[in-house]
Amino acid sequence: MNDIRLPPDFLWGVATSAFQIEGAQREDGKGLSIWDTFCSQPGRIKDGSDGSVACDHYHRYREDVDIIDSLGVDAYRFSMAWARVQPDGRGAWNEAGFGFYDRLIDALLEKGKQPHLTLYHWDLPQALQDEGGWLNRDTCQRFADYAQEAAHRFGTRVASIATHNEPWCTANLGHGTGQFAPGLRDPAAAVQVSHHLLLSHGLAMRAMRAQNQPAALGIVLNQWTADPATDSAADHALAALEYARSVQWFMDPIFKGRYPELALRHHGAHAPRIGAGDLEVIHQPLDFLGVNYYFRAYCSAEQPPRQAPCALGRTDMGWEIYPQGLSELLLALHAEYTLPPIYITENGMASATPRHDRERIDYVRAHLAALATAIAGGVDVRGYFLWSLLDNFEWDSGYAKRFGIVHVDYATQQRTLKDSALWYRDWIAAQRAGRAAA
Ligand code: IFM
């Protein structure tokens, strides 16, 4: 494990998202988002918390940029809160909101850190939800307008712009199971929303391309391999369907211009309504693909289903630790699609250990080893963003689950570097120096 070597020009980063860290819920003209609404509904968030203060990053971004600098990373991935820069999701821009991202980007550039911007990390302006949200096809055009404005303002200063983060979650957890905002439980709606998210991605790509700016443009997908629990035909069929419904459902339209047959057949009457020309809009070249990897899917058709073996244990989310799934996933994607450069835009673990988080170090190192395997197998992976810089608002788990390499005391907002942060700093320095890292 000690001689893991990533390429010399490999990009090292950390990642966050707006709603999870910013707070400043109504400050400087910000509008409400669907997550503000969702948090206000009793029973939605396990610890009853919300994002109104979070890590107070809106006011403390300079301190956070100093922390980023102290880690020696090359890059910082963050998202913009749409309702902060356009409170109603249409019409007037909120200059004070854009001002915050201007200052953040400037602070990063002053420290020589590459800003990597994500446009949509789940916080739709509530005003658009009131008009149907992602079920309303018009929201796709609203998103394209927002993307165009963001590219126009920031396209020369940020290194990359991703349209969506993990549209699978918005579609399925937001509209299928109701676990995430806006909290719908409607399987047909989930499928239709997934199509609208993809369409909005395509429209946004076109609108941003027309701006002709240097920022690299792409999308971030959460992905996993799907392994059959046994050799039974039923488990294999379940695994194939799971992969088609989750990974290929988003990859095929973008990289092949069609939805996967197996998943379409499965959706049956729930298959999306697709407008003429939609797939051409969705199927267009990307400058990069962001892959978020946390676990694999373990597919058992038995009742009750067989559980994953979890030979390396589980994270505090209960997710199986399965680093080899990362190399298997990347090699499978590489074999099936003609891909642009890949960035691992998220990977990390929830752990309750406040300071000496050895398990997180082991987790990250094992996944970097898997990454090195994939690169040796020919996959063009250019960088890795550890999720997350800070402990933060972990969606329906509230503040109970901690993904940060930096501990946040929510009562005082004090930041303390965990062992994993110090280890990551040393690891990056060693990789740059071509030394074996511990
Ligand atoms: O915290 C989330 C993030 O917002 C999206 N990807 C998964 C992370 C951990 O659940």
# chains A, B, ... in the order shown; residues from 1 in each chain; ligands from 1
$ residues_around --residues "range 406-419 of chain A" --least-positions-apart "4" --cutoff "8 Å" --atoms "only C-alpha atoms" --output "PyMOL selection string"
chain A and resi 54-56+354-358+361+389-392+423
$ select_by_dssp --residues "range 71-316 of chain A" --states "strand (DSSP E)" --output "ChimeraX atom specification"
/A:75-79,114-120,160-165,216-222,226-228,288-292,297-299
$ closest_atom_pairs --of "chain A" --to "ligand 1" --cutoff "8 Å" --atoms "only C-alpha atoms and all ligand atoms" --output "CSV"
residue,atom,partner,partner_atom_place_in_ligand_line,distance
A:Thr16,CA,ligand 1,4 (O),7.3
A:Ser17,CA,ligand 1,4 (O),6.3
A:Gln20,CA,ligand 1,4 (O),7.2
A:His121,CA,ligand 1,4 (O),7.0
A:Asn165,CA,ligand 1,5 (C),7.2
A:Glu166,CA,ligand 1,5 (C),6.9
A:Asn222,CA,ligand 1,6 (N),7.3
A:Asn292,CA,ligand 1,6 (N),6.9
A:Tyr294,CA,ligand 1,7 (C),7.6
A:Glu346,CA,ligand 1,6 (N),6.7
A:Asn347,CA,ligand 1,7 (C),7.9
A:Gly348,CA,ligand 1,9 (C),7.8
A:Met349,CA,ligand 1,9 (C),7.6
A:Ala350,CA,ligand 1,9 (C),7.7
A:Trp387,CA,ligand 1,8 (C),7.0
A:Ser388,CA,ligand 1,1 (O),7.7
A:Asn392,CA,ligand 1,1 (O),7.8
A:Phe393,CA,ligand 1,1 (O),7.5
A:Glu394,CA,ligand 1,1 (O),5.2
A:Trp395,CA,ligand 1,1 (O),6.9
A:Phe403,CA,ligand 1,9 (C),7.1
$ write_last_selection --atoms "N, CA, C and O atoms" --output "short mmCIF file (atom, residue, chain, number, x, y, z; two decimals), in the first residue's frame"
data_model
loop_
_atom_site.label_atom_id
_atom_site.label_comp_id
_atom_site.auth_asym_id
_atom_site.auth_seq_id
_atom_site.Cartn_x
_atom_site.Cartn_y
_atom_site.Cartn_z
N THR A 16 -17.20 20.56 -1.18
CA THR A 16 -18.34 20.88 -0.31
C THR A 16 -19.53 21.21 -1.22
O THR A 16 -19.40 21.20 -2.44
N SER A 17 -20.66 21.56 -0.62
CA SER A 17 -21.76 22.14 -1.42
C SER A 17 -22.42 23.26 -0.62
O SER A 17 -22.33 23.30 0.62
N GLN A 20 -25.02 22.72 2.32
CA GLN A 20 -24.46 21.96 3.44
C GLN A 20 -23.54 22.79 4.33
O GLN A 20 -23.27 22.39 5.46
N HIS A 121 -26.53 21.64 -6.75
CA HIS A 121 -26.32 20.58 -5.76
C HIS A 121 -27.60 20.53 -4.91
O HIS A 121 -27.56 20.78 -3.71
N ASN A 165 -24.99 17.98 -9.77
CA ASN A 165 -24.37 17.01 -8.89
C ASN A 165 -25.37 15.89 -8.62
O ASN A 165 -26.46 16.14 -8.09
N GLU A 166 -25.03 14.67 -8.98
CA GLU A 166 -25.81 13.48 -8.61
C GLU A 166 -27.29 13.62 -8.95
O GLU A 166 -28.15 13.56 -8.05
N ASN A 222 -23.27 10.28 -9.49
CA ASN A 222 -22.92 9.28 -8.46
C ASN A 222 -23.13 7.90 -9.08
O ASN A 222 -24.15 7.64 -9.72
N ASN A 292 -18.74 10.44 -8.58
CA ASN A 292 -18.77 10.35 -7.11
C ASN A 292 -18.95 8.88 -6.76
O ASN A 292 -19.89 8.23 -7.23
N TYR A 294 -19.02 6.03 -3.52
CA TYR A 294 -19.04 5.73 -2.09
C TYR A 294 -19.15 4.25 -1.77
O TYR A 294 -18.62 3.78 -0.78
N GLU A 346 -16.15 13.25 -5.75
CA GLU A 346 -16.46 12.99 -4.33
C GLU A 346 -16.06 11.57 -3.98
O GLU A 346 -16.31 10.63 -4.75
N ASN A 347 -15.49 11.44 -2.80
CA ASN A 347 -15.23 10.14 -2.19
C ASN A 347 -14.79 10.44 -0.76
O ASN A 347 -14.03 11.38 -0.53
N GLY A 348 -15.31 9.68 0.18
CA GLY A 348 -14.97 9.92 1.57
C GLY A 348 -15.92 9.13 2.45
O GLY A 348 -16.77 8.40 1.95
N MET A 349 -15.79 9.29 3.75
CA MET A 349 -16.66 8.49 4.62
C MET A 349 -17.18 9.30 5.81
O MET A 349 -16.51 10.21 6.30
N ALA A 350 -18.35 8.90 6.29
CA ALA A 350 -18.87 9.43 7.54
C ALA A 350 -18.25 8.64 8.68
O ALA A 350 -18.18 7.41 8.62
N TRP A 387 -14.41 14.17 -0.22
CA TRP A 387 -15.64 14.66 0.42
C TRP A 387 -15.56 14.30 1.89
O TRP A 387 -15.55 13.12 2.21
N SER A 388 -15.44 15.27 2.78
CA SER A 388 -15.64 16.68 2.52
C SER A 388 -14.60 17.49 3.27
O SER A 388 -13.99 16.99 4.22
N ASN A 392 -20.50 18.76 7.92
CA ASN A 392 -21.54 19.67 7.42
C ASN A 392 -22.92 19.04 7.53
O ASN A 392 -23.08 17.95 8.09
N PHE A 393 -23.91 19.73 6.96
CA PHE A 393 -25.30 19.28 7.02
C PHE A 393 -25.48 18.11 6.06
O PHE A 393 -25.47 18.29 4.84
N GLU A 394 -25.63 16.92 6.62
CA GLU A 394 -25.72 15.71 5.79
C GLU A 394 -27.19 15.40 5.50
O GLU A 394 -27.75 14.40 5.92
N TRP A 395 -27.86 16.33 4.84
CA TRP A 395 -29.20 16.15 4.29
C TRP A 395 -30.18 15.60 5.33
O TRP A 395 -30.26 16.14 6.42
N PHE A 403 -18.74 13.92 7.65
CA PHE A 403 -17.88 13.51 6.54
C PHE A 403 -16.58 14.33 6.47
O PHE A 403 -15.74 14.09 5.62
#
$ select_by_dssp --residues "range 123-152 of chain A" --states "alpha helix (DSSP H)" --output "list of chain:residue names"
A:Gln126, A:Ala127, A:Leu128, A:Gln129, A:Asp138, A:Thr139, A:Cys140, A:Gln141, A:Arg142, A:Phe143, A:Ala144, A:Asp145, A:Tyr146, A:Ala147, A:Gln148, A:Glu149, A:Ala150, A:Ala151, A:His152
$ write_last_selection --atoms "N, CA, C and O atoms" --output "PDB file, in the first residue's frame"
ATOM      1  N   GLN A 126     -37.296  27.683  -4.226  1.00  0.00           N
ATOM      2  CA  GLN A 126     -38.661  27.253  -3.869  1.00  0.00           C
ATOM      3  C   GLN A 126     -39.681  27.833  -4.848  1.00  0.00           C
ATOM      4  O   GLN A 126     -40.695  27.200  -5.151  1.00  0.00           O
ATOM      5  N   ALA A 127     -39.405  29.056  -5.340  1.00  0.00           N
ATOM      6  CA  ALA A 127     -40.351  29.685  -6.273  1.00  0.00           C
ATOM      7  C   ALA A 127     -40.554  28.808  -7.511  1.00  0.00           C
ATOM      8  O   ALA A 127     -41.658  28.746  -8.065  1.00  0.00           O
ATOM      9  N   LEU A 128     -39.512  28.111  -7.953  1.00  0.00           N
ATOM     10  CA  LEU A 128     -39.668  27.219  -9.114  1.00  0.00           C
ATOM     11  C   LEU A 128     -40.414  25.945  -8.716  1.00  0.00           C
ATOM     12  O   LEU A 128     -41.181  25.387  -9.502  1.00  0.00           O
ATOM     13  N   GLN A 129     -40.167  25.481  -7.488  1.00  0.00           N
ATOM     14  CA  GLN A 129     -40.910  24.306  -7.013  1.00  0.00           C
ATOM     15  C   GLN A 129     -42.407  24.611  -6.981  1.00  0.00           C
ATOM     16  O   GLN A 129     -43.230  23.756  -7.321  1.00  0.00           O
ATOM     17  N   ASP A 138     -40.440  23.517 -18.106  1.00  0.00           N
ATOM     18  CA  ASP A 138     -39.938  24.888 -18.190  1.00  0.00           C
ATOM     19  C   ASP A 138     -38.741  25.120 -17.255  1.00  0.00           C
ATOM     20  O   ASP A 138     -37.893  25.984 -17.524  1.00  0.00           O
ATOM     21  N   THR A 139     -38.660  24.352 -16.160  1.00  0.00           N
ATOM     22  CA  THR A 139     -37.525  24.507 -15.232  1.00  0.00           C
ATOM     23  C   THR A 139     -36.197  24.247 -15.956  1.00  0.00           C
ATOM     24  O   THR A 139     -35.164  24.834 -15.602  1.00  0.00           O
ATOM     25  N   CYS A 140     -36.218  23.406 -16.981  1.00  0.00           N
ATOM     26  CA  CYS A 140     -34.976  23.119 -17.736  1.00  0.00           C
ATOM     27  C   CYS A 140     -34.447  24.402 -18.383  1.00  0.00           C
ATOM     28  O   CYS A 140     -33.238  24.656 -18.389  1.00  0.00           O
ATOM     29  N   GLN A 141     -35.355  25.185 -18.935  1.00  0.00           N
ATOM     30  CA  GLN A 141     -34.931  26.434 -19.572  1.00  0.00           C
ATOM     31  C   GLN A 141     -34.462  27.449 -18.536  1.00  0.00           C
ATOM     32  O   GLN A 141     -33.495  28.177 -18.740  1.00  0.00           O
ATOM     33  N   ARG A 142     -35.147  27.454 -17.388  1.00  0.00           N
ATOM     34  CA  ARG A 142     -34.728  28.362 -16.307  1.00  0.00           C
ATOM     35  C   ARG A 142     -33.288  28.020 -15.891  1.00  0.00           C
ATOM     36  O   ARG A 142     -32.462  28.882 -15.638  1.00  0.00           O
ATOM     37  N   PHE A 143     -33.013  26.716 -15.811  1.00  0.00           N
ATOM     38  CA  PHE A 143     -31.677  26.267 -15.409  1.00  0.00           C
ATOM     39  C   PHE A 143     -30.639  26.682 -16.458  1.00  0.00           C
ATOM     40  O   PHE A 143     -29.532  27.121 -16.112  1.00  0.00           O
ATOM     41  N   ALA A 144     -31.005  26.567 -17.723  1.00  0.00           N
ATOM     42  CA  ALA A 144     -30.064  26.956 -18.786  1.00  0.00           C
ATOM     43  C   ALA A 144     -29.748  28.449 -18.702  1.00  0.00           C
ATOM     44  O   ALA A 144     -28.592  28.866 -18.908  1.00  0.00           O
ATOM     45  N   ASP A 145     -30.756  29.261 -18.384  1.00  0.00           N
ATOM     46  CA  ASP A 145     -30.520  30.712 -18.253  1.00  0.00           C
ATOM     47  C   ASP A 145     -29.543  30.984 -17.106  1.00  0.00           C
ATOM     48  O   ASP A 145     -28.635  31.824 -17.222  1.00  0.00           O
ATOM     49  N   TYR A 146     -29.766  30.279 -16.011  1.00  0.00           N
ATOM     50  CA  TYR A 146     -28.890  30.424 -14.832  1.00  0.00           C
ATOM     51  C   TYR A 146     -27.465  29.989 -15.180  1.00  0.00           C
ATOM     52  O   TYR A 146     -26.484  30.679 -14.841  1.00  0.00           O
ATOM     53  N   ALA A 147     -27.342  28.886 -15.888  1.00  0.00           N
ATOM     54  CA  ALA A 147     -26.015  28.382 -16.275  1.00  0.00           C
ATOM     55  C   ALA A 147     -25.295  29.381 -17.177  1.00  0.00           C
ATOM     56  O   ALA A 147     -24.091  29.643 -17.020  1.00  0.00           O
ATOM     57  N   GLN A 148     -26.055  29.947 -18.102  1.00  0.00           N
ATOM     58  CA  GLN A 148     -25.454  30.920 -19.031  1.00  0.00           C
ATOM     59  C   GLN A 148     -24.905  32.121 -18.266  1.00  0.00           C
ATOM     60  O   GLN A 148     -23.780  32.583 -18.536  1.00  0.00           O
ATOM     61  N   GLU A 149     -25.673  32.591 -17.300  1.00  0.00           N
ATOM     62  CA  GLU A 149     -25.234  33.747 -16.512  1.00  0.00           C
ATOM     63  C   GLU A 149     -23.985  33.399 -15.685  1.00  0.00           C
ATOM     64  O   GLU A 149     -23.037  34.196 -15.593  1.00  0.00           O
ATOM     65  N   ALA A 150     -23.990  32.205 -15.119  1.00  0.00           N
ATOM     66  CA  ALA A 150     -22.837  31.783 -14.307  1.00  0.00           C
ATOM     67  C   ALA A 150     -21.586  31.675 -15.181  1.00  0.00           C
ATOM     68  O   ALA A 150     -20.500  32.125 -14.786  1.00  0.00           O
ATOM     69  N   ALA A 151     -21.734  31.100 -16.363  1.00  0.00           N
ATOM     70  CA  ALA A 151     -20.574  30.964 -17.261  1.00  0.00           C
ATOM     71  C   ALA A 151     -20.093  32.340 -17.713  1.00  0.00           C
ATOM     72  O   ALA A 151     -18.885  32.600 -17.811  1.00  0.00           O
ATOM     73  N   HIS A 152     -21.051  33.210 -17.978  1.00  0.00           N
ATOM     74  CA  HIS A 152     -20.709  34.561 -18.416  1.00  0.00           C
ATOM     75  C   HIS A 152     -19.879  35.287 -17.338  1.00  0.00           C
ATOM     76  O   HIS A 152     -18.876  35.933 -17.624  1.00  0.00           O
TER      77      HIS A 152
END
$ atom_distance --atom1 "CA of Phe295 in chain A" --atom2 "CA of Trp122 in chain A"
20.6 Å
$ atom_distance --atom1 "CA of Ser79 in chain A" --atom2 "CA of Thr118 in chain A"
4.4 Å
$ closest_residue --among "A:Ala92, A:Cys39, A:Val14, A:Met208" --to "Ala75 in chain A" --atoms "only C-alpha atoms"
A:Val14
